[in-house]
>>> print(open('coords_10.cif').read())   # mmCIF, C-alpha atoms
data_start
loop_
_atom_site.label_atom_id
_atom_site.label_comp_id
_atom_site.auth_asym_id
_atom_site.auth_seq_id
_atom_site.Cartn_x
_atom_site.Cartn_y
_atom_site.Cartn_z
CA MET A 1 0.00 0.00 0.00
CA ALA A 2 1.26 3.46 -0.84
CA LYS A 3 -0.20 6.90 -0.27
CA ILE A 4 0.09 8.67 -3.62
CA THR A 5 -0.51 12.33 -4.35
CA TYR A 6 -1.83 13.09 -7.83
CA ILE A 7 -1.78 16.79 -8.69
CA GLU A 8 -3.84 18.11 -11.57
CA HIS A 9 -2.40 20.86 -13.76
CA THR A 10 -4.71 23.26 -11.91
CA ASN A 11 -2.82 22.26 -8.72
CA LYS A 12 -5.81 20.38 -7.36
CA GLU A 13 -4.47 17.55 -5.22
CA HIS A 14 -5.85 14.05 -4.86
CA ILE A 15 -4.30 11.94 -2.13
CA VAL A 16 -5.28 8.28 -2.27
CA GLU A 17 -4.07 4.98 -0.89
CA VAL A 18 -3.21 2.64 -3.71
CA PRO A 19 -2.75 -1.09 -3.12
CA ASN A 20 0.48 -2.80 -4.06
CA ASN A 21 0.97 -4.47 -7.45
CA ILE A 22 -1.34 -2.27 -9.42
CA THR A 23 0.05 0.65 -11.39
CA VAL A 24 0.05 4.34 -10.59
CA MET A 25 -2.20 4.74 -13.66
CA GLU A 26 -4.71 2.21 -12.31
CA GLY A 27 -4.60 3.96 -8.93
CA ALA A 28 -5.78 7.14 -10.66
CA VAL A 29 -8.39 5.48 -12.86
CA GLN A 30 -9.89 3.43 -10.03
CA ASN A 31 -10.23 6.56 -7.91
CA ASN A 32 -11.73 8.64 -10.75
CA ILE A 33 -8.87 11.10 -10.69
CA PRO A 34 -9.04 13.28 -13.80
CA GLY A 35 -6.02 13.99 -15.96
CA ILE A 36 -4.96 10.45 -16.77
CA ASP A 37 -6.78 9.11 -19.83
CA ALA A 38 -5.06 5.73 -20.27
CA ASP A 39 -6.76 5.14 -23.62
CA CYS A 40 -4.98 1.86 -24.32
CA GLY A 41 -5.62 0.45 -20.87
CA GLY A 42 -2.01 0.04 -19.84
CA SER A 43 -0.41 -1.74 -22.76
CA MET A 44 2.08 1.10 -23.25
CA ALA A 45 0.63 1.92 -26.61
CA CYS A 46 -0.84 5.41 -26.31
CA ALA A 47 1.10 7.77 -23.98
CA THR A 48 -2.10 9.17 -22.47
CA CYS A 49 -1.22 8.28 -18.86
CA HIS A 50 1.77 10.61 -18.89
CA VAL A 51 2.79 12.14 -15.55
CA TYR A 52 5.63 14.30 -14.27
CA VAL A 53 7.17 12.57 -11.29
CA ASP A 54 8.19 14.83 -8.42
CA LYS A 55 11.92 15.42 -8.76
CA LYS A 56 12.67 14.04 -5.27
CA TRP A 57 11.03 10.81 -6.38
CA PHE A 58 12.21 10.48 -9.95
CA ASN A 59 15.48 8.71 -9.24
CA LYS A 60 13.93 6.41 -6.65
CA LEU A 61 11.75 4.77 -9.28
CA GLU A 62 12.82 1.83 -11.36
CA LYS A 63 14.39 3.07 -14.56
CA LYS A 64 12.18 3.29 -17.63
CA ASP A 65 12.82 0.82 -20.39
CA GLU A 66 13.38 1.71 -24.01
CA GLY A 67 9.75 1.08 -24.99
CA GLU A 68 8.50 3.57 -22.45
CA GLU A 69 11.02 6.17 -23.57
CA ASP A 70 9.87 5.61 -27.15
CA MET A 71 6.24 6.14 -26.19
CA LEU A 72 7.14 9.28 -24.26
CA ASP A 73 8.29 10.78 -27.57
CA MET A 74 4.59 10.95 -28.38
CA ALA A 75 3.40 12.31 -25.03
CA TYR A 76 2.08 15.81 -24.61
CA GLN A 77 4.92 18.11 -23.49
CA PRO A 78 7.25 15.56 -21.94
CA ASN A 79 10.19 16.68 -19.80
CA LYS A 80 13.04 14.95 -17.99
CA PHE A 81 10.71 13.90 -15.15
CA SER A 82 8.16 12.34 -17.48
CA ARG A 83 6.97 8.78 -16.97
CA LEU A 84 4.06 6.70 -18.18
CA SER A 85 2.07 5.96 -15.05
CA CYS A 86 1.03 2.55 -16.44
CA GLN A 87 4.64 1.45 -16.05
CA LEU A 88 4.97 2.41 -12.38
CA LEU A 89 4.09 -0.53 -10.18
CA VAL A 90 2.94 0.41 -6.70
CA SER A 91 4.77 -1.04 -3.70
CA ASN A 92 5.38 0.02 -0.09
CA GLU A 93 8.49 1.81 -1.30
CA LEU A 94 6.34 4.27 -3.26
CA ASP A 95 4.56 5.49 -0.13
CA GLY A 96 4.48 9.28 -0.40
CA LEU A 97 4.95 9.41 -4.18
CA ILE A 98 3.92 12.65 -5.85
CA VAL A 99 3.03 12.86 -9.54
CA ARG A 100 1.70 15.78 -11.57
CA MET A 101 -0.51 15.51 -14.61
CA PRO A 102 0.08 17.56 -17.79
CA SER A 103 -2.57 20.11 -18.83
CA LYS A 104 -3.87 17.49 -21.23
CA GLN A 105 -2.90 14.08 -22.51
CA SER A 106 -3.15 14.67 -26.25
CA MET B 1 -26.48 5.31 -51.83
CA ILE B 2 -25.79 1.92 -50.31
CA THR B 3 -28.52 0.03 -48.48
CA THR B 4 -27.57 -2.69 -46.06
CA ASP B 5 -28.79 -4.43 -42.92
CA VAL B 6 -26.06 -3.12 -40.66
CA LEU B 7 -23.43 -0.43 -40.97
CA VAL B 8 -20.43 -1.31 -38.83
CA ILE B 9 -18.25 1.59 -37.75
CA GLY B 10 -14.71 0.42 -37.11
CA ALA B 11 -12.71 -2.49 -38.49
CA GLY B 12 -10.91 -3.74 -35.41
CA PRO B 13 -11.19 -7.32 -34.15
CA THR B 14 -14.51 -6.67 -32.41
CA ALA B 15 -16.01 -5.19 -35.57
CA LEU B 16 -14.71 -8.03 -37.73
CA PHE B 17 -16.18 -10.69 -35.49
CA ALA B 18 -19.49 -8.81 -35.36
CA VAL B 19 -19.50 -9.02 -39.18
CA GLN B 20 -19.02 -12.77 -38.84
CA GLN B 21 -21.91 -13.09 -36.40
CA LEU B 22 -24.11 -10.96 -38.66
CA GLY B 23 -23.18 -13.12 -41.63
CA ILE B 24 -23.97 -16.30 -39.75
CA ILE B 25 -27.52 -15.12 -39.06
CA GLY B 26 -27.98 -13.92 -42.61
CA LEU B 27 -27.49 -10.17 -42.25
CA LYS B 28 -25.42 -8.11 -44.64
CA ALA B 29 -22.94 -5.58 -43.29
CA GLU B 30 -20.86 -2.73 -44.69
CA VAL B 31 -17.80 -1.60 -42.76
CA VAL B 32 -16.36 1.92 -42.53
CA ASP B 33 -13.04 2.71 -40.86
CA ASN B 34 -10.97 5.85 -40.68
CA LEU B 35 -7.71 3.93 -40.98
CA ASP B 36 -6.35 2.74 -44.31
CA LYS B 37 -6.32 -0.90 -43.24
CA VAL B 38 -8.39 -3.29 -41.18
CA GLY B 39 -7.33 -4.42 -37.70
CA GLY B 40 -7.94 -1.31 -35.61
CA GLN B 41 -5.87 -0.70 -32.51
CA CYS B 42 -4.31 -4.12 -32.36
CA ARG B 43 -2.83 -3.67 -35.80
CA GLU B 44 -2.14 0.05 -35.63
CA LEU B 45 -0.74 0.25 -32.10
CA TYR B 46 0.78 -3.12 -31.37
CA PRO B 47 0.89 -5.33 -34.50
CA ASP B 48 3.85 -7.36 -33.24
CA LYS B 49 3.02 -7.57 -29.57
CA PRO B 50 1.83 -10.97 -28.42
CA ILE B 51 -1.76 -11.35 -27.21
CA TYR B 52 -2.23 -14.16 -24.69
CA ASP B 53 -5.92 -14.06 -23.88
CA ILE B 54 -7.82 -15.03 -26.98
CA PRO B 55 -9.69 -18.24 -26.09
CA ALA B 56 -8.10 -21.38 -27.54
CA ILE B 57 -5.25 -19.39 -29.09
CA PRO B 58 -2.36 -19.54 -26.61
CA VAL B 59 -0.54 -16.67 -28.27
CA CYS B 60 -0.90 -14.58 -31.40
CA THR B 61 -0.04 -11.11 -32.65
CA GLY B 62 -2.50 -8.38 -33.58
CA GLU B 63 -1.47 -8.89 -37.17
CA THR B 64 -2.27 -12.62 -37.12
CA LEU B 65 -5.51 -12.12 -35.25
CA THR B 66 -6.66 -9.65 -37.88
CA LYS B 67 -5.68 -11.95 -40.75
CA ASN B 68 -7.55 -14.86 -39.21
CA LEU B 69 -10.67 -12.80 -38.61
CA MET B 70 -10.58 -11.61 -42.22
CA LYS B 71 -10.30 -15.22 -43.32
CA GLN B 72 -13.26 -16.12 -41.12
CA ILE B 73 -15.52 -13.51 -42.74
CA GLU B 74 -14.40 -14.21 -46.30
CA PRO B 75 -17.63 -16.10 -47.19
CA PHE B 76 -19.70 -12.98 -46.59
CA ASN B 77 -17.93 -10.79 -49.18
CA THR B 78 -18.18 -7.78 -46.96
CA ASN B 79 -17.44 -4.34 -48.40
CA PHE B 80 -14.86 -2.29 -46.53
CA HIS B 81 -14.82 1.48 -46.85
CA LEU B 82 -11.39 2.35 -45.49
CA SER B 83 -9.77 5.76 -44.95
CA GLU B 84 -13.29 7.01 -44.52
CA ARG B 85 -14.99 8.42 -41.46
CA VAL B 86 -18.68 8.46 -40.61
CA GLU B 87 -19.66 12.06 -39.99
CA GLN B 88 -23.39 12.23 -39.66
CA LEU B 89 -26.37 10.06 -38.68
CA VAL B 90 -29.98 11.03 -39.34
CA LYS B 91 -33.04 8.91 -38.61
CA GLU B 92 -35.34 8.69 -41.63
CA GLY B 93 -38.44 6.66 -40.88
CA THR B 94 -37.30 3.36 -39.43
CA LYS B 95 -33.83 3.63 -40.93
CA TRP B 96 -30.64 5.53 -40.35
CA LYS B 97 -29.10 7.62 -43.08
CA ILE B 98 -25.37 7.68 -42.59
CA THR B 99 -23.03 10.12 -44.33
CA THR B 100 -19.23 9.80 -44.46
CA ASN B 101 -16.58 12.47 -44.89
CA LYS B 102 -16.34 11.39 -48.53
CA LYS B 103 -20.07 12.08 -48.89
CA LYS B 104 -20.89 8.41 -49.29
CA ILE B 105 -24.40 7.64 -48.05
CA PHE B 106 -25.56 4.44 -46.39
CA VAL B 107 -29.12 3.57 -45.41
CA ALA B 108 -29.53 0.87 -42.77
CA PRO B 109 -31.89 -0.01 -39.94
CA ASN B 110 -28.91 -0.77 -37.70
CA ILE B 111 -25.55 0.71 -36.86
CA ILE B 112 -22.95 -1.07 -34.79
CA ILE B 113 -20.33 1.27 -33.39
CA ALA B 114 -17.15 -0.69 -32.79
CA GLY B 115 -14.99 2.37 -32.78
CA GLY B 116 -12.40 1.50 -30.13
CA VAL B 117 -11.69 4.78 -28.43
CA GLY B 118 -12.46 6.83 -31.49
CA SER B 119 -10.56 7.48 -34.66
CA PHE B 120 -6.83 7.85 -35.06
CA GLU B 121 -5.56 11.32 -35.73
CA PRO B 122 -2.04 12.71 -35.78
CA ARG B 123 -0.77 14.10 -32.50
CA LYS B 124 -0.16 17.78 -32.84
CA PHE B 125 2.30 20.35 -31.58
CA PRO B 126 1.41 21.44 -28.04
CA LEU B 127 1.37 25.14 -29.02
CA LYS B 128 -1.97 26.85 -29.64
CA GLU B 129 -0.53 29.07 -32.34
CA ALA B 130 0.46 26.00 -34.40
CA GLU B 131 -3.17 25.54 -35.38
CA LYS B 132 -3.45 28.78 -37.32
CA PHE B 133 -0.51 27.78 -39.51
CA GLU B 134 -1.88 24.32 -40.29
CA LYS B 135 -3.18 25.40 -43.68
CA ASN B 136 0.19 26.42 -45.07
CA SER B 137 3.21 25.85 -42.86
CA VAL B 138 2.54 23.32 -40.11
CA PHE B 139 2.05 19.73 -41.26
CA TYR B 140 1.58 16.29 -39.76
CA SER B 141 1.78 14.33 -43.00
CA ILE B 142 3.06 14.94 -46.49
CA ARG B 143 0.83 14.72 -49.54
CA ASP B 144 3.08 16.23 -52.16
CA LYS B 145 6.76 16.45 -51.38
CA LYS B 146 7.36 18.96 -54.20
CA TYR B 147 5.66 21.54 -51.99
CA PHE B 148 8.75 21.38 -49.77
CA ASP B 149 11.35 21.77 -52.55
CA LYS B 150 14.12 24.32 -51.91
CA LYS B 151 12.68 25.37 -48.57
CA LYS B 152 13.82 25.51 -44.97
CA ILE B 153 12.12 22.73 -43.05
CA CYS B 154 12.12 21.74 -39.40
CA ILE B 155 11.10 18.16 -38.70
CA PHE B 156 10.12 17.07 -35.18
CA GLY B 157 10.04 13.50 -33.96
CA GLY B 158 12.23 10.48 -33.34
CA GLY B 159 10.52 7.65 -35.16
CA ASP B 160 10.78 6.37 -38.70
CA SER B 161 8.33 8.88 -40.14
CA ALA B 162 10.52 11.75 -38.92
CA LEU B 163 13.69 10.02 -40.11
CA ASP B 164 12.30 8.91 -43.49
CA TRP B 165 11.13 12.41 -44.31
CA SER B 166 14.34 14.01 -43.05
CA ILE B 167 16.30 11.78 -45.39
CA GLU B 168 13.95 12.34 -48.33
CA LEU B 169 13.48 16.10 -47.99
CA SER B 170 17.17 16.78 -47.34
CA LYS B 171 17.80 15.92 -51.00
CA ASN B 172 16.28 19.20 -52.17
CA SER B 173 15.83 21.27 -49.04
CA LYS B 174 17.51 22.43 -45.87
CA VAL B 175 16.36 20.15 -43.07
CA VAL B 176 16.72 20.57 -39.32
CA LEU B 177 15.68 17.49 -37.34
CA VAL B 178 14.59 18.24 -33.78
CA HIS B 179 13.95 15.59 -31.15
CA ARG B 180 13.35 15.62 -27.40
CA ARG B 181 16.25 13.25 -26.67
CA PRO B 182 19.50 12.24 -28.39
CA GLU B 183 18.28 8.71 -29.16
CA PHE B 184 16.01 8.04 -32.11
CA ARG B 185 13.59 5.15 -32.02
CA GLY B 186 13.60 4.63 -35.79
CA THR B 187 15.25 1.61 -37.38
CA PRO B 188 19.04 1.43 -36.90
CA LYS B 189 19.46 1.79 -40.66
CA ASN B 190 17.53 5.06 -40.78
CA VAL B 191 19.40 6.37 -37.75
CA GLU B 192 22.70 5.52 -39.45
CA ILE B 193 21.71 7.33 -42.65
CA VAL B 194 20.58 10.41 -40.76
CA LYS B 195 23.80 10.51 -38.72
CA LYS B 196 25.81 10.25 -41.91
CA LEU B 197 23.84 13.04 -43.54
CA GLU B 198 24.54 15.16 -40.47
CA LYS B 199 28.24 14.44 -40.76
CA ASP B 200 28.17 15.40 -44.43
CA GLY B 201 26.42 18.65 -43.58
CA LYS B 202 23.17 17.67 -45.33
CA ILE B 203 21.00 17.66 -42.18
CA GLU B 204 21.23 19.54 -38.91
CA ILE B 205 20.19 17.62 -35.81
CA GLU B 206 19.06 19.44 -32.66
CA THR B 207 18.60 17.32 -29.52
CA PRO B 208 17.37 17.32 -26.80
CA TYR B 209 14.98 20.05 -27.85
CA GLN B 210 11.24 20.57 -28.15
CA ILE B 211 9.25 23.31 -29.79
CA ASN B 212 8.88 26.45 -27.70
CA SER B 213 7.34 29.12 -29.93
CA ILE B 214 6.24 29.88 -33.48
CA GLU B 215 6.33 33.30 -35.08
CA GLY B 216 5.07 34.59 -38.38
CA ASP B 217 2.15 36.38 -39.97
CA ASN B 218 0.44 34.24 -42.59
CA GLN B 219 3.33 31.86 -42.84
CA ILE B 220 5.86 30.68 -40.27
CA LYS B 221 9.09 32.70 -40.25
CA VAL B 222 10.91 31.74 -37.07
CA ILE B 223 10.53 29.14 -34.39
CA THR B 224 12.33 28.66 -31.09
CA ILE B 225 13.18 25.35 -29.51
CA LYS B 226 13.98 24.73 -25.87
CA ASP B 227 15.78 22.01 -23.91
CA ASP B 228 14.93 20.68 -20.43
CA ASN B 229 17.23 23.20 -18.77
CA GLY B 230 15.54 26.14 -20.46
CA LYS B 231 18.18 26.80 -23.11
CA ILE B 232 16.51 28.35 -26.14
CA LYS B 233 17.58 28.29 -29.79
CA LYS B 234 16.09 30.23 -32.66
CA ILE B 235 15.62 28.66 -36.10
CA ASP B 236 14.58 30.40 -39.33
CA THR B 237 12.22 28.07 -41.14
CA ASP B 238 9.48 28.00 -43.78
CA TYR B 239 7.71 24.86 -42.63
CA ILE B 240 7.51 22.65 -39.58
CA LEU B 241 6.53 19.01 -39.68
CA GLY B 242 5.52 17.03 -36.61
CA PHE B 243 5.65 13.23 -36.50
CA PHE B 244 4.47 12.28 -33.02
CA GLY B 245 2.40 9.23 -33.91
CA LEU B 246 -1.34 8.88 -33.70
CA ILE B 247 -3.84 9.58 -30.97
CA MET B 248 -7.40 8.38 -30.66
CA LYS B 249 -10.16 10.98 -30.70
CA LEU B 250 -13.85 10.31 -30.28
CA GLY B 251 -14.55 12.75 -33.12
CA PRO B 252 -18.02 12.95 -34.68
CA ILE B 253 -19.38 10.08 -32.51
CA ALA B 254 -19.77 12.64 -29.74
CA GLU B 255 -22.23 14.61 -31.90
CA TRP B 256 -24.80 11.88 -32.51
CA GLY B 257 -26.95 12.41 -29.46
CA LEU B 258 -25.78 9.23 -27.79
CA ASN B 259 -25.45 9.12 -24.03
CA LEU B 260 -21.78 9.36 -23.14
CA ASP B 261 -19.88 8.46 -20.02
CA LYS B 262 -16.51 10.18 -20.40
CA LYS B 263 -15.35 8.78 -23.73
CA HIS B 264 -17.59 5.71 -23.61
CA ILE B 265 -21.11 4.87 -24.74
CA PRO B 266 -23.36 3.25 -22.15
CA VAL B 267 -25.26 0.21 -23.46
CA ASN B 268 -27.58 -2.43 -22.09
CA THR B 269 -26.05 -5.86 -21.79
CA GLU B 270 -28.93 -7.71 -23.39
CA ASN B 271 -28.17 -6.59 -26.93
CA PHE B 272 -25.66 -3.74 -26.54
CA GLN B 273 -28.07 -1.15 -27.82
CA THR B 274 -27.38 2.48 -26.91
CA ASN B 275 -30.02 5.03 -25.95
CA LYS B 276 -30.96 5.24 -29.65
CA GLU B 277 -32.95 2.42 -31.23
CA GLY B 278 -30.92 0.66 -33.90
CA ILE B 279 -27.57 1.98 -32.70
CA PHE B 280 -25.43 -0.54 -30.90
CA ALA B 281 -21.98 -0.10 -29.38
CA ILE B 282 -19.49 -2.89 -28.76
CA GLY B 283 -15.83 -3.29 -27.84
CA ASP B 284 -13.70 -0.70 -26.09
CA ILE B 285 -16.08 2.14 -26.86
CA CYS B 286 -19.02 0.75 -24.89
CA THR B 287 -19.46 0.68 -21.16
CA TYR B 288 -21.73 -1.11 -18.71
CA PRO B 289 -21.36 -2.40 -15.15
CA GLY B 290 -18.50 -4.89 -15.12
CA LYS B 291 -17.16 -3.94 -18.56
CA LEU B 292 -13.78 -5.46 -19.36
CA LYS B 293 -11.74 -4.01 -22.18
CA LEU B 294 -10.77 -7.37 -23.57
CA ILE B 295 -10.95 -8.53 -27.17
CA LEU B 296 -12.87 -11.60 -26.00
CA SER B 297 -15.50 -9.38 -24.36
CA GLY B 298 -15.81 -7.50 -27.63
CA PHE B 299 -16.51 -10.79 -29.43
CA HIS B 300 -19.31 -11.63 -27.01
CA GLU B 301 -20.76 -8.14 -27.32
CA GLY B 302 -20.73 -8.43 -31.12
CA ALA B 303 -22.56 -11.75 -31.03
CA LEU B 304 -25.38 -10.29 -28.96
CA ALA B 305 -25.52 -7.00 -30.86
CA ALA B 306 -25.86 -9.00 -34.11
CA ARG B 307 -29.00 -10.70 -32.74
CA GLY B 308 -30.22 -7.27 -31.65
CA CYS B 309 -29.85 -6.07 -35.24
CA PHE B 310 -31.89 -8.97 -36.58
CA LYS B 311 -35.11 -7.65 -35.06
CA LEU B 312 -34.93 -4.34 -36.92
CA ALA B 313 -33.48 -5.75 -40.14
CA ARG B 314 -36.08 -8.55 -40.42
CA PRO B 315 -39.12 -7.20 -38.56
CA ASN B 316 -41.38 -9.88 -40.00
CA GLU B 317 -39.18 -12.84 -39.22
CA LYS B 318 -38.50 -14.58 -35.99
CA TYR B 319 -34.89 -15.12 -35.07
CA ARG B 320 -34.11 -18.80 -34.49
CA PHE B 321 -31.00 -19.80 -32.61
CA GLU B 322 -28.85 -22.27 -34.54
CA PHE B 323 -25.45 -23.88 -34.06
CA THR B 324 -22.81 -23.58 -36.79
CA THR B 325 -22.03 -27.28 -36.37
CA THR B 326 -25.43 -28.44 -37.54
CA SER B 327 -27.39 -25.65 -39.23
CA LYS B 328 -27.96 -26.09 -42.97
CA ASN B 329 -28.80 -22.39 -43.28
CA ILE B 330 -25.52 -21.40 -41.74
CA HIS B 331 -23.57 -23.87 -43.85
CA GLU B 332 -25.13 -22.34 -46.94
CA ARG B 333 -24.21 -18.85 -45.82
CA LEU B 334 -20.66 -20.04 -45.22
CA GLY B 335 -20.58 -21.67 -48.65
CA LYS B 336 -19.92 -25.09 -47.15
CA LYS B 337 -21.04 -28.22 -48.91
CA GLN B 338 -23.98 -30.02 -47.41
CA THR B 339 -23.17 -33.36 -45.84
#
>>> encode(input="coords_10.cif", output="structure tokens")
Amino acid sequence: MAKITYIEHTNKEHIVEVPNNITVMEGAVQNNIPGIDADCGGSMACATCHVYVDKKWFNKLEKKDEGEEDMLDMAYQPNKFSRLSCQLLVSNELDGLIVRMPSKQS
Amino acid sequence: MITTDVLVIGAGPTALFAVQQLGIIGLKAEVVDNLDKVGGQCRELYPDKPIYDIPAIPVCTGETLTKNLMKQIEPFNTNFHLSERVEQLVKEGTKWKITTNKKKIFVAPNIIIAGGVGSFEPRKFPLKEAEKFEKNSVFYSIRDKKYFDKKKICIFGGGDSALDWSIELSKNSKVVLVHRRPEFRGTPKNVEIVKKLEKDGKIEIETPYQINSIEGDNQIKVITIKDDNGKIKKIDTDYILGFFGLIMKLGPIAEWGLNLDKKHIPVNTENFQTNKEGIFAIGDICTYPGKLKLILSGFHEGALAARGCFKLARPNEKYRFEFTTTSKNIHERLGKKQT
């Protein structure tokens, strides 16, 4: 279980407890948090679950693989803290994670 | 004008299997899809990725699944209207009049929307001002490459579309290739050619940069690009081209008076009809309590929607359930010899 803070581009915060072994994307979708579209449902095929990971957290996460980096090329305004939230698996270690959503996903 | 029993919108796996189920019960379908080929998401987004949850098929790719479904519907000689998008639906009497963006008109008592999450459109530059230049200096595809002859062109993207066009257009024009990171995801061969062209002074490569601003009156004159640390560079250019892949947009479906729940169409689970009589929705685009976005769920939804269509297509007949193993009618429809 991890407490995750999702921040919309308007700065509206959503703090939810997300169970282990689902993804940060699923945590948002299951809690009806706006700003993460996840059109492809988590198969890393659409780049519409793009988030900016808080910079204190970015290096604590498992590194992204090549496929994710490729998909991020298509994301809306990616930066060096960009990740696809469907690739971030929740575990106790992510307790306190903060992610921000872009102003839109496409 | 084309009259048919059912117009199917979309040509993904769910749509293709719905065509099979319609064919089995003796209904004729026409299929319209915005893409230039059949297969929908599983062919467009992940043609080579393995799918492990199609019943009785331990593993197959989107490409194979599509081919097999096409084989399965062969007996029905279905017409496909590809690279075409349904724009408008109007109820005329008991039938729907359907108009596409190419002004083709269909008349049918039933419509099955198997539209995935909408139609694929190019992803665009994130700048608002890019839109006003779309008519003459911002592009997301190339129709006539001569238009770009002897011009200054900035190409954005890291995939093969960006690389292919950089290579091609650099023959007659000045090309700057801009990408958000130093690595390109195109094929190693394309990357090698582009790197060589850079070395020979035929292409300029700017990484890791993204677009920051566009200036110009009627036509683009100057753009700026920016890296993650805020460093800005100015580039004089006539045209910019963006190759950021495709995104799915609901598009005209949102205008048809159907109930919508976010980007999905609520349906009943008896026959997958929407709030409009004769309009059904199946696959990823529909929603109902317990909905799973699985291809196998889409197949089930198509089977039931097909029976739902029967009632309106054959108002004077009674639908009789038959098995494909034993039904003479079905064997005839499939063109199988009687035994």
>>> closest_residue(input="coords_10.cif", among="B:Ala254, B:Leu127, B:Leu89, B:Leu22", to="chain A", atoms="all atoms listed in the file")
B:Leu127
>>> resolve_selection(input="coords_10.cif", expression="the PyMOL selection byres ((chain B) within 10 of (chain A))", output="PyMOL selection string")
chain B and resi 41-42+44-46+49+116-118+122-127+157-159+179-181+183-186+209-211+227-229+243-249+262-263+284+293-294
>>> resolve_selection(input="coords_10.cif", expression="the PyMOL selection byres ((chain B and resi 87) around 10)", output="list of chain:residue names")
B:Glu84, B:Arg85, B:Val86, B:Gln88, B:Leu89, B:Ile98, B:Thr99, B:Thr100, B:Asn101, B:Lys102, B:Lys103, B:Gly251, B:Pro252, B:Ile253, B:Glu255, B:Trp256
>>> residues_around(input="coords_10.cif", residues="Ser91 (chain A)", least_positions_apart="3", cutoff="10 Å", atoms="only C-alpha atoms", output="ChimeraX atom specification")
/A:1-3,18-24,88,94-95
>>> atom_distance(input="coords_10.cif", atom1="CA of Lys226 (chain B)", atom2="CA of Ile214 (chain B)")
12.0 Å
>>> atom_distance(input="coords_10.cif", atom1="CA of Tyr6 (chain A)", atom2="CA of Leu61 (chain A)")
16.0 Å
>>> resolve_selection(input="coords_10.cif", expression="the PyMOL selection byres ((chain A and resi 25) around 10)", output="list in words")
Ile22, Thr23, Val24, Glu26, Gly27, Ala28, Val29, Gln30, Ile33, Ile36, Asp37, Ala38, Gly41, Gly42, Thr48, Cys49, His50, Val51, Leu84, Ser85, Cys86, Gln87, Leu88, Leu89 and Val90 of chain A
>>> closest_residue(input="coords_10.cif", among="B:Val267, B:Leu169, B:Ile57, B:Leu312", to="Pro289 (chain B)", atoms="all atoms listed in the file")
B:Val267
>>> closest_residue(input="coords_10.cif", among="B:Ile225, B:Ile112, B:Ile220, B:Leu177", to="Asn136 (chain B)", atoms="only C-alpha atoms")
B:Ile220
>>> axis_aligned_box(input="coords_10.cif", around="region 55-70 of chain A", padding_each_side="8 Å", output="lines of an AutoDock Vina configuration file")
center_x = 12.0
center_y = 8.1
center_z = -16.2
size_x = 23.0
size_y = 30.6
size_z = 37.9
>>> atom_distance(input="coords_10.cif", atom1="CA of Lys221 (chain B)", atom2="CA of Ile193 (chain B)")
28.4 Å
